[in-house]
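For reference, the structure is listed below as structure tokens.
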Amino acid sequence: MSNIFDKLEEKESIFKDKSPLDHRFLPEHLPHRNEQITSIAKYWIEALNNNTPSPITIYGKTGTGKTAAAKFAKEQLLEASANKNVSIKVEYIRCTDFTTEYQVITHLCQKLGRDVPDRGWTKAEVIKAFRDIFKKNVFGRNLILIVILDEVDILLEKDGDGILYTLTRTDNVAILSISNFLDFKQYIKPRVASSLRDKEIVFPPYNAEQLADILQERSKLSFVEGAVDEGVIRLCSAMAAKEEGDARYALDLLQTAGEIADEKDSKIIHSSYVKEAKDRIEYNKVNEVIMTLPAQQQRVLEAILKLTKENEEITSGKLFETYEEVSKGDAVGYRRLFDFINELEMLGIISTNTISRGRGKGRTNIIKLQCDLDVLETALYPF
Ligand SMILES: Nc1ncnc2c1ncn2[C@@H]1O[C@H](COP(=O)(O)OP(=O)(O)O)[C@@H](O)[C@H]1O
Ligand SMILES: [Mg+2]
């Protein structure tokens, strides 16, 4: 009997290798980021002269190449230092994985060969162990450590600015902080800001042409010849340029369009697949947001769904009534409902609009669903 995998393996695909479309893939060239990478290198070159580089901060919206550029600069520095008489280490930390100062310092100690347990020590003990690493070693050579703190705003918001203080106040340690938000400095107190004195590098959004260059290189690596034409690249780039110049979104569009082509047994990506891909990505995003909402908020959405289907104008009063009905005695109060409404609006699932009913009649809040009705329905009632 034939094996079920044989048939699937035989299936033709327009992908020759999907990995270059993955977010974690580090390409050999980063078009349109030469200026930013050179800026980083101009600070980091100090390390090759055995000096500690200045702290650097990178800002820019999602998908502007911050993570890729930092990792690229890291590889370049390590390559340049290989045949020099210096000892340089660059550690990359994603602050979504290590969310406290304690975790970061412990991780760094472990990476540098110090046997520090994941828990049990006090913060002061861990910091001391970390600093001891930078006392001159027996060969009389200084280790220079560069720490890349990616998505640093998450750590700062959760655990305060102690990590920046500790790192900038340790000899031979330099930091590169990366943030998606310009206002992350609100989390840094003056005491730390004064010792930080960082250099800032801005990553502007990509325009459509720049995105096209990025996609062109990646599509050559990922697709078989002839599967992707210029028009498709231009379409993905134009759509992603509208979404704030996000290269990640552009790559997602191209990959999803490719998957749709495979599903349809097509040997090329048609532009209609790109539009389909856009809907699919949006669908998955909204779906995920809704599925992971707390049950109370899902019930608010159930009420909104019900009213929308009945073509009712949704005032907050009406919503509260229906929500209480849907919740069957397990409802939160009117005030709390308002918090929920705000949160759902922030997530982009609904919109609210205050209108005036005319003189003496006061003002009313009108709530509207912002996502597709079907998307909401399948997310709330998956079976
Ligand atoms: N200039 C570029 N050249 C090639 N690929 C890029 C470039 N900028 C971003 N990318 C790719 O786009 C995706 C998102 O980039 P990333 O560095 O993760 O953005 P950010 O960290 O700013 O959110 C990654 O797959 C990355 O390789
Ligand atoms: Mg990033």
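We name chains A, B, ... following the order of the structure tokens; residues begin at 1 in each chain, and ligands are numbered from 1 as shown.
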Residues near Gly65 in chain A, cut-off 8 Å, only C-alpha atoms, skip fewer than 3 positions along chain, as a short mmCIF file (atom, residue, chain, number, x, y, z; two decimals) with N, CA and C atoms, in the first residue's frame:
data_model
loop_
_atom_site.label_atom_id
_atom_site.label_comp_id
_atom_site.auth_asym_id
_atom_site.auth_seq_id
_atom_site.Cartn_x
_atom_site.Cartn_y
_atom_site.Cartn_z
N ARG A 33 19.49 49.94 3.90
CA ARG A 33 19.81 50.12 5.32
C ARG A 33 21.30 50.34 5.54
N THR A 62 7.44 48.86 13.41
CA THR A 62 7.54 47.44 13.12
C THR A 62 7.89 47.21 11.65
N ALA A 68 16.91 43.02 12.00
CA ALA A 68 17.80 42.49 10.96
C ALA A 68 19.10 43.29 10.90
N ALA A 69 19.02 44.62 10.98
CA ALA A 69 20.22 45.46 10.89
C ALA A 69 21.15 45.23 12.09
N PHE A 203 15.14 54.47 12.08
CA PHE A 203 14.82 53.63 10.92
C PHE A 203 13.50 54.09 10.33
N ALA A 247 8.19 45.79 6.12
CA ALA A 247 8.78 44.74 5.28
C ALA A 247 8.26 43.36 5.69
#
Check which residues fall inside 8 Å of ligand 2 when counting only C-alpha atoms and all ligand atoms, and print them as a ChimeraX atom specification. /A:62-63,65-68,150-151,178,180
Using only C-alpha atoms and all ligand atoms, determine which residues fall within 10 Å of ligand 1, then list them as a ChimeraX atom specification. /A:19-34,58-72,150-151,178-180,203-206,210-218,245-252
For the residues selected in the previous step, produce a file with C-alpha atoms as a JSON list (two decimals), in the first residue's frame.
[["chain", "number", "residue", "atom", "x", "y", "z"],
["A", 19, "SER", "CA", 12.98, 29.75, 4.88],
["A", 20, "PRO", "CA", 14.10, 33.01, 3.21],
["A", 21, "LEU", "CA", 10.55, 34.33, 3.67],
["A", 22, "ASP", "CA", 10.64, 33.62, 7.39],
["A", 23, "HIS", "CA", 10.98, 36.63, 9.72],
["A", 24, "ARG", "CA", 14.05, 35.15, 11.37],
["A", 25, "PHE", "CA", 15.99, 34.74, 8.13],
["A", 26, "LEU", "CA", 19.01, 37.01, 7.98],
["A", 27, "PRO", "CA", 19.72, 37.95, 4.35],
["A", 28, "GLU", "CA", 23.23, 38.54, 3.04],
["A", 29, "HIS", "CA", 22.37, 42.08, 1.99],
["A", 30, "LEU", "CA", 20.00, 44.57, 3.55],
["A", 31, "PRO", "CA", 19.12, 46.99, 0.76],
["A", 32, "HIS", "CA", 18.36, 50.56, 1.85],
["A", 33, "ARG", "CA", 19.81, 50.12, 5.32],
["A", 34, "ASN", "CA", 23.43, 50.81, 4.54],
["A", 58, "ILE", "CA", 17.47, 52.35, 17.47],
["A", 59, "TYR", "CA", 13.92, 53.51, 16.82],
["A", 60, "GLY", "CA", 11.47, 52.72, 14.10],
["A", 61, "LYS", "CA", 8.11, 51.19, 13.41],
["A", 62, "THR", "CA", 7.54, 47.44, 13.12],
["A", 63, "GLY", "CA", 9.08, 45.86, 10.04],
["A", 64, "THR", "CA", 11.60, 48.63, 9.28],
["A", 65, "GLY", "CA", 14.54, 46.26, 9.60],
["A", 66, "LYS", "CA", 15.77, 47.12, 13.10],
["A", 67, "THR", "CA", 16.31, 43.56, 14.28],
["A", 68, "ALA", "CA", 17.80, 42.49, 10.96],
["A", 69, "ALA", "CA", 20.22, 45.46, 10.89],
["A", 70, "ALA", "CA", 21.38, 44.87, 14.47],
["A", 71, "LYS", "CA", 22.04, 41.19, 13.79],
["A", 72, "PHE", "CA", 23.79, 42.06, 10.54],
["A", 150, "ASP", "CA", 15.60, 44.10, 21.29],
["A", 151, "GLU", "CA", 12.06, 45.35, 22.06],
["A", 178, "ILE", "CA", 15.89, 48.69, 20.03],
["A", 179, "SER", "CA", 12.39, 50.08, 20.38],
["A", 180, "ASN", "CA", 9.28, 50.21, 18.19],
["A", 203, "PHE", "CA", 14.82, 53.63, 10.92],
["A", 204, "PRO", "CA", 12.28, 55.32, 8.63],
["A", 205, "PRO", "CA", 9.49, 53.29, 6.99],
["A", 206, "TYR", "CA", 10.26, 51.84, 3.55],
["A", 210, "GLN", "CA", 12.43, 49.99, -1.46],
["A", 211, "LEU", "CA", 10.07, 47.21, -0.42],
["A", 212, "ALA", "CA", 10.14, 45.93, -4.01],
["A", 213, "ASP", "CA", 13.95, 45.65, -3.87],
["A", 214, "ILE", "CA", 13.71, 43.69, -0.62],
["A", 215, "LEU", "CA", 11.05, 41.34, -1.99],
["A", 216, "GLN", "CA", 12.94, 40.86, -5.26],
["A", 217, "GLU", "CA", 15.98, 39.43, -3.48],
["A", 218, "ARG", "CA", 13.97, 37.20, -1.20],
["A", 245, "GLY", "CA", 6.33, 50.54, 5.10],
["A", 246, "ASP", "CA", 6.38, 47.24, 6.93],
["A", 247, "ALA", "CA", 8.78, 44.74, 5.28],
["A", 248, "ARG", "CA", 7.46, 41.90, 7.43],
["A", 249, "TYR", "CA", 3.96, 42.44, 6.09],
["A", 250, "ALA", "CA", 5.28, 42.56, 2.52],
["A", 251, "LEU", "CA", 7.03, 39.21, 3.03],
["A", 252, "ASP", "CA", 3.90, 37.72, 4.63]]
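From CA of Lys285 in chain A back to CA of Leu8 in chain A, the distance works out to 27.9 Å.
For the residues A:Ser13, A:Thr256, A:Ser177, A:Ser219, ranking by smallest atom-to-atom distance to Leu164 in chain A using only C-alpha atoms places A:Ser177 first.
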For range 36-44 of chain A, please output as a ChimeraX atom specification all residues within 7 Å (counting only C-alpha atoms; exclusion window: fewer than 5 positions along the same chain). /A:53-54,69,73,201
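Here CA of Val300 in chain A and CA of Tyr323 in chain A stand 5.7 Å from one another.
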